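Colleague: What follows is data24.txt, made up of compact mmCIF, C-alpha atoms:
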```txt
# COMPACT_ATOMS: atom_id res chain seq x y z
CA MET A 1 25.18 -7.44 7.70
CA PHE A 2 27.19 -5.09 9.90
CA ASP A 3 29.62 -4.17 7.10
CA ARG A 4 26.57 -3.12 5.08
CA LEU A 5 25.26 -1.07 8.02
CA GLU A 6 28.63 0.69 8.41
CA GLN A 7 28.47 1.66 4.71
CA LEU A 8 24.92 2.96 5.10
CA GLU A 9 25.88 5.02 8.16
CA ALA A 10 28.81 6.56 6.26
CA ARG A 11 26.52 7.34 3.32
CA PHE A 12 23.94 8.88 5.68
CA GLN A 13 26.62 11.16 7.16
CA GLU A 14 27.83 12.11 3.66
CA LEU A 15 24.29 13.03 2.57
CA GLY A 16 23.80 15.08 5.75
CA ASP A 17 26.96 17.02 4.95
CA GLN A 18 25.75 17.60 1.37
CA LEU A 19 22.45 19.03 2.63
CA ALA A 20 24.40 21.69 4.55
CA GLN A 21 26.22 22.86 1.41
CA PRO A 22 24.95 26.19 -0.05
CA GLU A 23 25.15 24.98 -3.67
CA ILE A 24 22.84 22.04 -2.89
CA GLN A 25 20.43 24.27 -0.93
CA GLN A 26 20.17 26.64 -3.90
CA ASP A 27 19.38 23.82 -6.36
CA ARG A 28 15.80 22.79 -5.47
CA GLU A 29 15.83 19.55 -7.47
CA ALA A 30 19.22 18.43 -6.13
CA TYR A 31 18.19 19.33 -2.57
CA GLN A 32 14.94 17.33 -2.79
CA LYS A 33 16.75 14.30 -4.25
CA THR A 34 19.47 14.40 -1.56
CA ALA A 35 16.94 14.97 1.23
CA LYS A 36 14.91 11.96 0.08
CA GLN A 37 17.98 9.70 0.04
CA HIS A 38 18.89 10.98 3.53
CA ARG A 39 15.34 10.41 4.80
CA ASP A 40 15.22 6.89 3.32
CA LEU A 41 18.33 5.89 5.29
CA GLU A 42 17.37 7.62 8.55
CA GLU A 43 15.40 4.82 10.24
CA THR A 44 17.99 2.16 9.40
CA VAL A 45 20.93 4.28 10.59
CA GLU A 46 19.17 5.39 13.80
CA THR A 47 18.33 1.73 14.57
CA TYR A 48 21.94 0.70 13.90
CA ARG A 49 23.23 3.44 16.20
CA SER A 50 20.85 2.21 18.88
CA TRP A 51 22.23 -1.31 18.36
CA LYS A 52 25.81 -0.06 18.81
CA GLN A 53 24.92 1.79 22.04
CA THR A 54 23.11 -1.27 23.41
CA GLN A 55 25.98 -3.58 22.40
CA GLN A 56 28.49 -1.33 24.19
CA ALA A 57 26.33 -1.15 27.32
CA LEU A 58 26.01 -4.97 27.28
CA GLU A 59 29.80 -5.45 27.03
CA GLU A 60 30.33 -3.09 29.96
CA ALA A 61 27.70 -4.91 32.03
CA ARG A 62 29.33 -8.28 31.27
CA LEU A 63 32.69 -6.96 32.46
CA MET A 64 31.03 -5.96 35.76
CA LEU A 65 30.01 -9.60 36.33
CA ALA A 66 33.61 -10.19 37.47
CA GLU A 67 33.21 -7.66 40.33
CA THR A 68 33.75 -9.00 43.83
CA ASP A 69 31.15 -6.64 45.34
CA PRO A 70 27.89 -8.67 45.42
CA ASP A 71 25.72 -5.56 44.97
CA LEU A 72 27.63 -4.48 41.83
CA ARG A 73 27.51 -8.05 40.49
CA ALA A 74 23.75 -8.28 41.09
CA MET A 75 23.29 -4.94 39.31
CA ALA A 76 25.37 -6.22 36.36
CA GLU A 77 23.33 -9.45 36.18
CA GLU A 78 20.11 -7.42 36.07
CA GLU A 79 21.56 -5.18 33.35
CA VAL A 80 22.70 -8.15 31.20
CA ALA A 81 19.28 -9.82 31.59
CA SER A 82 17.50 -6.72 30.24
CA LEU A 83 20.05 -5.78 27.53
CA GLU A 84 20.41 -9.20 25.84
CA PRO A 85 16.76 -9.46 24.68
CA ARG A 86 16.83 -5.75 23.77
CA LEU A 87 19.87 -6.32 21.53
CA ALA A 88 18.21 -9.33 19.86
CA GLN A 89 15.07 -7.25 19.26
CA ILE A 90 17.08 -4.46 17.57
CA GLU A 91 18.94 -7.03 15.44
CA SER A 92 15.62 -8.44 14.22
CA ALA A 93 14.43 -4.91 13.35
CA LEU A 94 17.68 -4.29 11.41
CA LYS A 95 17.18 -7.48 9.36
CA VAL A 96 13.73 -6.24 8.35
CA LEU A 97 15.06 -2.75 7.52
CA LEU A 98 17.74 -4.29 5.27
CA LEU A 99 15.22 -6.31 3.24
CA PRO A 100 15.01 -5.22 -0.43
CA LYS A 101 12.51 -2.39 -0.75
CA ASP A 102 9.55 -2.56 -3.11
CA PRO A 103 10.40 0.13 -5.70
CA ASN A 104 6.71 1.09 -5.85
CA ASP A 105 6.27 1.73 -2.10
CA ASP A 106 6.72 5.50 -2.44
CA LYS A 107 4.27 5.80 -5.34
CA ASN A 108 0.74 7.23 -5.33
CA VAL A 109 -1.98 4.74 -6.23
CA ILE A 110 -4.89 4.35 -8.62
CA LEU A 111 -7.67 2.72 -6.58
CA GLU A 112 -10.36 0.85 -8.54
CA ILE A 113 -13.46 -0.56 -6.80
CA ARG A 114 -16.13 -2.51 -8.69
CA ALA A 115 -19.38 -4.12 -7.55
CA GLY A 116 -19.37 -7.86 -8.23
CA THR A 117 -21.91 -10.55 -7.40
CA GLY A 118 -24.87 -9.35 -5.36
CA GLY A 119 -26.43 -6.62 -7.50
CA ASP A 120 -27.62 -3.56 -5.58
CA GLU A 121 -26.21 -4.84 -2.29
CA ALA A 122 -22.73 -5.18 -3.88
CA SER A 123 -22.93 -1.61 -5.21
CA LEU A 124 -23.89 -0.29 -1.75
CA PHE A 125 -20.96 -2.16 -0.20
CA ALA A 126 -18.59 -0.80 -2.88
CA ALA A 127 -19.61 2.73 -1.85
CA GLU A 128 -19.05 1.89 1.84
CA ILE A 129 -15.60 0.44 1.18
CA PHE A 130 -14.68 3.56 -0.76
CA ARG A 131 -15.81 5.71 2.21
CA MET A 132 -13.68 3.52 4.49
CA TYR A 133 -10.63 4.19 2.31
CA LEU A 134 -11.45 7.93 2.32
CA ARG A 135 -11.24 7.85 6.13
CA VAL A 136 -7.95 5.94 5.99
CA ALA A 137 -6.61 8.57 3.57
CA GLU A 138 -7.76 11.36 5.89
CA GLN A 139 -5.82 9.82 8.82
CA HIS A 140 -2.65 9.69 6.70
CA ARG A 141 -3.26 13.18 5.24
CA TRP A 142 -3.41 11.71 1.72
CA LYS A 143 -5.24 13.54 -1.04
CA VAL A 144 -8.01 11.68 -2.92
CA GLU A 145 -9.23 12.67 -6.40
CA ILE A 146 -12.06 10.78 -8.09
CA LEU A 147 -11.09 10.00 -11.68
CA SER A 148 -14.20 8.13 -12.76
CA SER A 149 -17.40 6.88 -11.11
CA SER A 150 -20.63 5.14 -11.99
CA GLU A 151 -23.54 5.18 -9.54
CA SER A 152 -26.18 2.47 -9.16
CA ALA A 153 -29.93 3.17 -9.05
CA VAL A 154 -29.98 2.64 -5.24
CA GLY A 155 -27.23 5.18 -4.53
CA GLY A 156 -24.35 2.73 -4.43
CA MET A 157 -21.34 2.53 -6.74
CA LYS A 158 -21.10 0.17 -9.71
CA GLU A 159 -17.53 1.36 -10.19
CA ILE A 160 -15.27 4.06 -8.81
CA ILE A 161 -11.69 4.90 -9.79
CA ALA A 162 -9.68 7.36 -7.67
CA LEU A 163 -6.15 8.68 -7.41
CA ILE A 164 -4.67 8.69 -3.89
CA GLU A 165 -1.61 10.93 -3.47
CA GLY A 166 0.62 11.20 -0.43
CA GLU A 167 3.55 9.76 1.47
CA ARG A 168 4.17 6.03 0.85
CA VAL A 169 0.57 5.35 -0.19
CA TYR A 170 1.32 2.15 -2.11
CA SER A 171 3.29 0.67 0.81
CA GLN A 172 0.16 0.90 2.98
CA MET A 173 -2.51 0.08 0.39
CA LYS A 174 -0.94 -2.60 -1.81
CA TYR A 175 -2.41 -5.58 0.05
CA GLU A 176 -6.00 -4.37 -0.50
CA SER A 177 -6.18 -5.83 -4.03
CA GLY A 178 -8.56 -8.75 -4.39
CA VAL A 179 -12.15 -9.83 -3.78
CA HIS A 180 -13.81 -8.39 -0.66
CA ARG A 181 -16.85 -10.43 0.44
CA VAL A 182 -19.67 -9.01 2.58
CA GLN A 183 -22.18 -11.01 4.62
CA ARG A 184 -25.17 -9.14 6.05
CA VAL A 185 -28.94 -8.70 5.99
CA PRO A 186 -29.81 -6.21 3.21
CA ALA A 187 -32.28 -3.41 4.01
CA THR A 188 -34.67 -4.91 1.44
CA GLU A 189 -34.62 -8.39 3.04
CA THR A 190 -37.92 -8.99 4.87
CA GLN A 191 -37.10 -12.49 6.19
CA GLY A 192 -33.93 -11.36 7.99
CA ARG A 193 -31.70 -13.70 5.94
CA VAL A 194 -27.99 -13.01 5.58
CA HIS A 195 -26.93 -12.42 1.96
CA THR A 196 -23.41 -12.71 0.56
CA SER A 197 -22.13 -10.17 -1.98
CA ALA A 198 -18.70 -9.34 -3.33
CA ILE A 199 -16.73 -6.45 -4.76
CA THR A 200 -13.28 -6.29 -6.35
CA VAL A 201 -10.59 -3.85 -5.32
CA ALA A 202 -7.48 -3.10 -7.39
CA VAL A 203 -4.62 -0.97 -6.08
CA LEU A 204 -2.25 0.05 -8.88
CA PRO A 205 0.96 2.03 -8.31
CA GLU A 206 0.61 5.24 -10.30
CA ALA A 207 2.99 5.01 -13.24
CA GLU A 208 5.01 7.99 -14.38
CA GLU A 209 5.70 8.62 -18.05
CA VAL A 210 9.23 7.31 -17.53
CA ASP A 211 7.80 3.99 -16.20
CA VAL A 212 5.56 3.28 -19.19
CA LYS A 213 6.16 4.48 -22.73
CA ILE A 214 2.88 4.77 -24.66
CA GLU A 215 3.05 5.45 -28.40
CA ALA A 216 0.35 7.72 -29.87
CA LYS A 217 -0.08 5.25 -32.78
CA ASP A 218 -1.12 2.56 -30.26
CA LEU A 219 -4.09 4.59 -28.99
CA ARG A 220 -7.63 4.98 -30.25
CA VAL A 221 -9.42 7.92 -28.63
CA ASP A 222 -13.22 8.15 -28.83
CA THR A 223 -15.32 11.00 -27.46
CA PHE A 224 -18.98 10.83 -26.45
CA CYS A 225 -21.61 12.66 -24.40
CA SER A 226 -21.40 12.14 -20.64
CA SER A 227 -24.38 10.50 -18.99
CA GLY A 228 -25.39 10.14 -15.36
CA PRO A 229 -27.28 7.42 -13.49
CA GLY A 230 -30.38 6.25 -15.33
CA GLY A 231 -29.03 7.63 -18.61
CA GLN A 232 -29.85 11.27 -17.92
CA SER A 233 -27.60 13.72 -19.73
CA VAL A 234 -24.86 15.36 -17.69
CA ASN A 235 -23.95 17.68 -20.53
CA THR A 236 -24.55 17.78 -24.24
CA THR A 237 -20.95 18.26 -25.39
CA TYR A 238 -18.65 15.43 -26.36
CA SER A 239 -16.51 15.78 -23.23
CA ALA A 240 -16.37 12.12 -22.16
CA VAL A 241 -13.31 10.21 -23.37
CA ARG A 242 -12.69 6.53 -24.05
CA ILE A 243 -9.09 5.49 -24.74
CA THR A 244 -8.23 2.05 -26.13
CA HIS A 245 -4.64 0.80 -26.00
CA LEU A 246 -4.66 -1.33 -29.17
CA PRO A 247 -1.72 -3.71 -28.46
CA THR A 248 -3.26 -4.89 -25.16
CA ASN A 249 -6.93 -4.02 -25.84
CA THR A 250 -7.01 -2.10 -22.53
CA VAL A 251 -9.96 0.32 -22.43
CA VAL A 252 -10.30 3.29 -20.06
CA SER A 253 -13.24 5.74 -19.94
CA CYS A 254 -13.53 9.01 -18.07
CA GLN A 255 -16.48 11.40 -18.00
CA ASP A 256 -16.42 13.08 -14.58
CA GLU A 257 -15.04 16.40 -15.83
CA LYS A 258 -16.84 18.85 -18.15
CA SER A 259 -13.59 19.39 -20.03
CA GLN A 260 -12.54 16.81 -22.63
CA ILE A 261 -8.88 17.68 -22.01
CA LYS A 262 -9.17 16.96 -18.27
CA ASN A 263 -11.03 13.71 -18.91
CA ARG A 264 -8.30 12.66 -21.33
CA GLU A 265 -5.58 13.49 -18.78
CA LYS A 266 -7.33 11.44 -16.10
CA ALA A 267 -7.93 8.52 -18.49
CA MET A 268 -4.25 8.51 -19.47
CA ARG A 269 -3.20 8.33 -15.81
CA VAL A 270 -5.38 5.26 -15.31
CA LEU A 271 -4.24 3.65 -18.58
CA ARG A 272 -0.56 4.21 -17.75
CA SER A 273 -1.00 2.60 -14.32
CA ARG A 274 -2.91 -0.40 -15.72
CA LEU A 275 -0.20 -1.06 -18.31
CA TYR A 276 2.46 -0.66 -15.62
CA GLU A 277 0.63 -3.21 -13.45
CA VAL A 278 0.58 -5.73 -16.33
CA GLU A 279 4.36 -5.41 -16.66
CA MET A 280 4.85 -5.59 -12.87
CA GLU A 281 2.68 -8.74 -12.69
CA ARG A 282 4.82 -10.35 -15.40
CA GLN A 283 8.02 -9.55 -13.48
CA HIS A 284 6.38 -10.58 -10.19
CA ALA A 285 5.36 -13.96 -11.65
CA GLU A 286 8.95 -14.59 -12.70
CA LEU A 287 10.21 -13.71 -9.23
CA ALA A 288 7.50 -15.78 -7.52
CA ARG A 289 8.62 -18.87 -9.38
CA GLU A 290 11.92 -18.62 -7.49
CA ARG A 291 10.70 -17.17 -4.19
CA LYS A 292 7.28 -17.47 -2.50
CA GLN A 293 7.18 -14.28 -0.46
CA GLN A 294 4.02 -12.36 -1.32
CA VAL A 295 0.81 -12.20 0.71
CA GLY A 296 -1.58 -14.30 -1.36
CA THR A 297 -1.06 -14.07 -5.09
CA GLY A 298 -2.27 -10.51 -5.59
CA ASP A 299 -4.82 -11.94 -8.01
CA ARG A 300 -7.98 -9.84 -8.08
CA SER A 301 -10.09 -13.02 -8.39
CA GLU A 302 -8.82 -14.28 -5.04
CA LYS A 303 -11.14 -13.78 -2.04
CA ILE A 304 -8.93 -11.96 0.42
CA ARG A 305 -11.33 -10.75 3.11
CA THR A 306 -14.82 -11.28 4.57
CA TYR A 307 -16.83 -8.56 6.29
CA ASN A 308 -19.50 -10.25 8.45
CA PHE A 309 -21.84 -7.55 9.80
CA PRO A 310 -24.12 -9.70 12.02
CA GLN A 311 -21.03 -10.93 13.94
CA ASN A 312 -19.17 -7.56 13.73
CA ARG A 313 -16.30 -9.63 12.33
CA LEU A 314 -13.58 -9.02 9.74
CA THR A 315 -11.50 -11.99 8.56
CA ASP A 316 -8.44 -11.66 6.33
CA HIS A 317 -8.11 -15.12 4.79
CA ARG A 318 -4.51 -14.71 3.62
CA ILE A 319 -3.04 -14.50 7.13
CA GLY A 320 -5.87 -16.02 9.19
CA LEU A 321 -6.54 -12.73 11.00
CA THR A 322 -9.98 -12.27 12.62
CA LEU A 323 -11.04 -9.07 14.40
CA HIS A 324 -14.44 -8.51 16.05
CA GLN A 325 -14.42 -4.76 15.46
CA LEU A 326 -15.89 -4.40 12.00
CA ASP A 327 -17.83 -1.28 13.04
CA LEU A 328 -14.55 0.52 13.86
CA ILE A 329 -12.78 -0.77 10.74
CA MET A 330 -15.58 0.57 8.50
CA GLN A 331 -14.96 3.96 10.15
CA GLY A 332 -11.42 3.84 8.77
CA ARG A 333 -9.53 2.11 11.59
CA LEU A 334 -7.90 -0.32 9.16
CA GLN A 335 -4.31 0.13 10.42
CA PRO A 336 -4.19 -3.03 12.61
CA VAL A 337 -5.07 -5.09 9.51
CA ILE A 338 -2.54 -3.25 7.31
CA ASP A 339 0.20 -3.63 9.97
CA ALA A 340 -0.50 -7.37 10.31
CA LEU A 341 -0.29 -7.85 6.53
CA ILE A 342 2.99 -5.92 6.31
CA ALA A 343 4.48 -7.90 9.25
CA HIS A 344 3.45 -11.19 7.63
CA ALA A 345 4.96 -10.18 4.27
CA GLN A 346 8.22 -9.17 5.98
CA ALA A 347 8.38 -12.46 7.91
CA GLU A 348 7.85 -14.41 4.67
CA GLN A 349 10.52 -12.35 2.93
CA LEU A 350 13.01 -12.97 5.78
CA LYS A 351 12.24 -16.71 5.62
CA ALA A 352 12.76 -16.71 1.84
CA ASP A 353 16.01 -14.72 2.15
CA THR A 354 17.35 -17.12 4.81
CA ALA A 355 16.47 -20.15 2.66
CA HIS A 356 18.00 -18.46 -0.41
CA ALA A 357 21.23 -17.70 1.49
CA ALA A 358 21.42 -21.31 2.74
```
Would you kindly transcribe this structure into structure tokens?
Modeller:
Amino acid sequence: MFDRLEQLEARFQELGDQLAQPEIQQDREAYQKTAKQHRDLEETVETYRSWKQTQQALEEARLMLAETDPDLRAMAEEEVASLEPRLAQIESALKVLLLPKDPNDDKNVILEIRAGTGGDEASLFAAEIFRMYLRVAEQHRWKVEILSSSESAVGGMKEIIALIEGERVYSQMKYESGVHRVQRVPATETQGRVHTSAITVAVLPEAEEVDVKIEAKDLRVDTFCSSGPGGQSVNTTYSAVRITHLPTNTVVSCQDEKSQIKNREKAMRVLRSRLYEVEMERQHAELARERKQQVGTGDRSEKIRTYNFPQNRLTDHRIGLTLHQLDLIMQGRLQPVIDALIAHAQAEQLKADTAHAA
């Protein structure tokens, strides 16, 4: 492990030197690429340097244990007692930092939310979950663009698809995929009975053109008039676009823009990401056969979370986490849940790596 860390530190220094070179600074693309590599290594190298400083301080404190002066010896004992757990803590952090990175973690995401069982109540909850994610995005300074949406008659959302752009969006959002169940008394319920509804959430890493090659001959593009809730006409031109990927029978529609070109661009972004996810799931299934390290299965049909409003309770079933602060979570304070899911995934990955090495 420490040989690897020495190599990373040397590479970090080399990249830092490159960033100071005028020829790199004048080449925008080369500078951005080098700066990203440097930034990616920064946390690991800084943690390793902290480990080296702590290790040196511990060695010096252990040498002082041989002192004849009782005051100096007592000071050394105190120092050793505080430095040993600190060193172990840094070593654990380094093991996590050296875990293989998910290549998608830096990507933007396509977020898809659909109302499931529960009719109007499910559509209202879908809209609330989307607002929750908007608040999460705001906290991270991510940009959200709605690609496609379909409202219900009661002002909820039957379906909404959005692009979220920003720093490491997928790394934070990837565990949100699955079935989200809500338990509460609907506004229309006169007997005060708790109803259960469900929505599905899919978080797809946004695929670049280099990730997924789509042949024009494999696409069927249909245009039609956009329509709003209740079938009213949004505009009378054929601006809405439906794209079918014939080999996989994947269908994507987009009608939010008045321009057919913009709708087509948005639909292609969604299509590319869906096809990329299919390929990633295939690779993931192969990997999972050898190593069980993911949180849940990532299957959208799997119930991952329950939002119980009468008890102000959120339960994430994959890791057995229960928080009685649903009101705050719905306001966008989802980070404790995200952090717990990431920590669990890292612990599982460490366990799998240790077993694999053995």
Colleague: Got a sec: who's within 12 Å of A:Glu91, counting all atoms listed in the file, leaving out chain neighbours fewer than 5 positions off, as an MDAnalysis selection string?
Modeller: chainID A and resid 1:2 5 44 47:52 54:55 84:86 96:98
Colleague: For the selection just defined, write its residues with C-alpha atoms to a file, as a compact mmCIF listing (two decimals), keeping the file's coordinate frame.
Modeller:
```txt
# COMPACT_ATOMS: atom_id res chain seq x y z
CA MET A 1 25.18 -7.44 7.70
CA PHE A 2 27.19 -5.09 9.90
CA LEU A 5 25.26 -1.07 8.02
CA THR A 44 17.99 2.16 9.40
CA THR A 47 18.33 1.73 14.57
CA TYR A 48 21.94 0.70 13.90
CA ARG A 49 23.23 3.44 16.20
CA SER A 50 20.85 2.21 18.88
CA TRP A 51 22.23 -1.31 18.36
CA LYS A 52 25.81 -0.06 18.81
CA THR A 54 23.11 -1.27 23.41
CA GLN A 55 25.98 -3.58 22.40
CA GLU A 84 20.41 -9.20 25.84
CA PRO A 85 16.76 -9.46 24.68
CA ARG A 86 16.83 -5.75 23.77
CA VAL A 96 13.73 -6.24 8.35
CA LEU A 97 15.06 -2.75 7.52
CA LEU A 98 17.74 -4.29 5.27
```
Colleague: Mind checking which residues fall within 10 Å of stretch 260-273 of chain A, counting all atoms listed in the file, ignoring those fewer than 3 positions away in the same chain, and posting them as a PyMOL selection string?
Modeller: chain A and resi 109-112+145-148+161-163+203-209+211-214+221+223-224+237-245+250-257+276-279
Colleague: Write the residues you've just listed into a file as a PDB file, keeping the file's coordinate frame, and include C-alpha atoms for each of them.
Modeller:
```
ATOM      1  CA  VAL A 109      -1.980   4.740  -6.230  1.00  0.00           C
ATOM      2  CA  ILE A 110      -4.890   4.350  -8.620  1.00  0.00           C
ATOM      3  CA  LEU A 111      -7.670   2.720  -6.580  1.00  0.00           C
ATOM      4  CA  GLU A 112     -10.360   0.850  -8.540  1.00  0.00           C
ATOM      5  CA  GLU A 145      -9.230  12.670  -6.400  1.00  0.00           C
ATOM      6  CA  ILE A 146     -12.060  10.780  -8.090  1.00  0.00           C
ATOM      7  CA  LEU A 147     -11.090  10.000 -11.680  1.00  0.00           C
ATOM      8  CA  SER A 148     -14.200   8.130 -12.760  1.00  0.00           C
ATOM      9  CA  ILE A 161     -11.690   4.900  -9.790  1.00  0.00           C
ATOM     10  CA  ALA A 162      -9.680   7.360  -7.670  1.00  0.00           C
ATOM     11  CA  LEU A 163      -6.150   8.680  -7.410  1.00  0.00           C
ATOM     12  CA  VAL A 203      -4.620  -0.970  -6.080  1.00  0.00           C
ATOM     13  CA  LEU A 204      -2.250   0.050  -8.880  1.00  0.00           C
ATOM     14  CA  PRO A 205       0.960   2.030  -8.310  1.00  0.00           C
ATOM     15  CA  GLU A 206       0.610   5.240 -10.300  1.00  0.00           C
ATOM     16  CA  ALA A 207       2.990   5.010 -13.240  1.00  0.00           C
ATOM     17  CA  GLU A 208       5.010   7.990 -14.380  1.00  0.00           C
ATOM     18  CA  GLU A 209       5.700   8.620 -18.050  1.00  0.00           C
ATOM     19  CA  ASP A 211       7.800   3.990 -16.200  1.00  0.00           C
ATOM     20  CA  VAL A 212       5.560   3.280 -19.190  1.00  0.00           C
ATOM     21  CA  LYS A 213       6.160   4.480 -22.730  1.00  0.00           C
ATOM     22  CA  ILE A 214       2.880   4.770 -24.660  1.00  0.00           C
ATOM     23  CA  VAL A 221      -9.420   7.920 -28.630  1.00  0.00           C
ATOM     24  CA  THR A 223     -15.320  11.000 -27.460  1.00  0.00           C
ATOM     25  CA  PHE A 224     -18.980  10.830 -26.450  1.00  0.00           C
ATOM     26  CA  THR A 237     -20.950  18.260 -25.390  1.00  0.00           C
ATOM     27  CA  TYR A 238     -18.650  15.430 -26.360  1.00  0.00           C
ATOM     28  CA  SER A 239     -16.510  15.780 -23.230  1.00  0.00           C
ATOM     29  CA  ALA A 240     -16.370  12.120 -22.160  1.00  0.00           C
ATOM     30  CA  VAL A 241     -13.310  10.210 -23.370  1.00  0.00           C
ATOM     31  CA  ARG A 242     -12.690   6.530 -24.050  1.00  0.00           C
ATOM     32  CA  ILE A 243      -9.090   5.490 -24.740  1.00  0.00           C
ATOM     33  CA  THR A 244      -8.230   2.050 -26.130  1.00  0.00           C
ATOM     34  CA  HIS A 245      -4.640   0.800 -26.000  1.00  0.00           C
ATOM     35  CA  THR A 250      -7.010  -2.100 -22.530  1.00  0.00           C
ATOM     36  CA  VAL A 251      -9.960   0.320 -22.430  1.00  0.00           C
ATOM     37  CA  VAL A 252     -10.300   3.290 -20.060  1.00  0.00           C
ATOM     38  CA  SER A 253     -13.240   5.740 -19.940  1.00  0.00           C
ATOM     39  CA  CYS A 254     -13.530   9.010 -18.070  1.00  0.00           C
ATOM     40  CA  GLN A 255     -16.480  11.400 -18.000  1.00  0.00           C
ATOM     41  CA  ASP A 256     -16.420  13.080 -14.580  1.00  0.00           C
ATOM     42  CA  GLU A 257     -15.040  16.400 -15.830  1.00  0.00           C
ATOM     43  CA  TYR A 276       2.460  -0.660 -15.620  1.00  0.00           C
ATOM     44  CA  GLU A 277       0.630  -3.210 -13.450  1.00  0.00           C
ATOM     45  CA  VAL A 278       0.580  -5.730 -16.330  1.00  0.00           C
ATOM     46  CA  GLU A 279       4.360  -5.410 -16.660  1.00  0.00           C
TER      47      GLU A 279
END
```
Colleague: Counting only C-alpha atoms, which residue out of A:Ala122, A:Ala153, A:Val136, A:Leu275 sits closest to A:Ile199?
Modeller: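 So, comparing all the options, the nearest one is A:Ala122.
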Colleague: Could you please determine the separation between atom CA of A:Arg184 and atom CA of A:Ser149 in Å, to one decimal place?
Modeller: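 It comes out at 24.7 Å.
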Colleague: Which residue is closest to A:Arg11? Choose from A:Glu60, A:Asp40, A:Asp105, A:Glu215 and count all atoms listed in the file.
Modeller: A:Asp40
Colleague: Quote the spacing between atom CA of A:Lys303 and atom CA of A:Asp316 in Å to one decimal place.
Modeller: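 Pair atom CA of A:Lys303 / atom CA of A:Asp316 returns 9.0 Å.
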Colleague: Go through A:Phe309, A:Ala137, A:Arg114, A:Ala127 and flag the residue nearest A:Thr196, using all atoms listed in the file for the distances.
Modeller: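 Between A:Phe309, A:Ala137, A:Arg114, A:Ala127, the residue approaching A:Thr196 most closely is A:Phe309.
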Colleague: For atom CA of A:His180 and atom CA of A:Arg333, quote the distance in Å rounded to one decimal.
Modeller: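 Straight-line distance from atom CA of A:His180 to atom CA of A:Arg333 works out to 16.7 Å.
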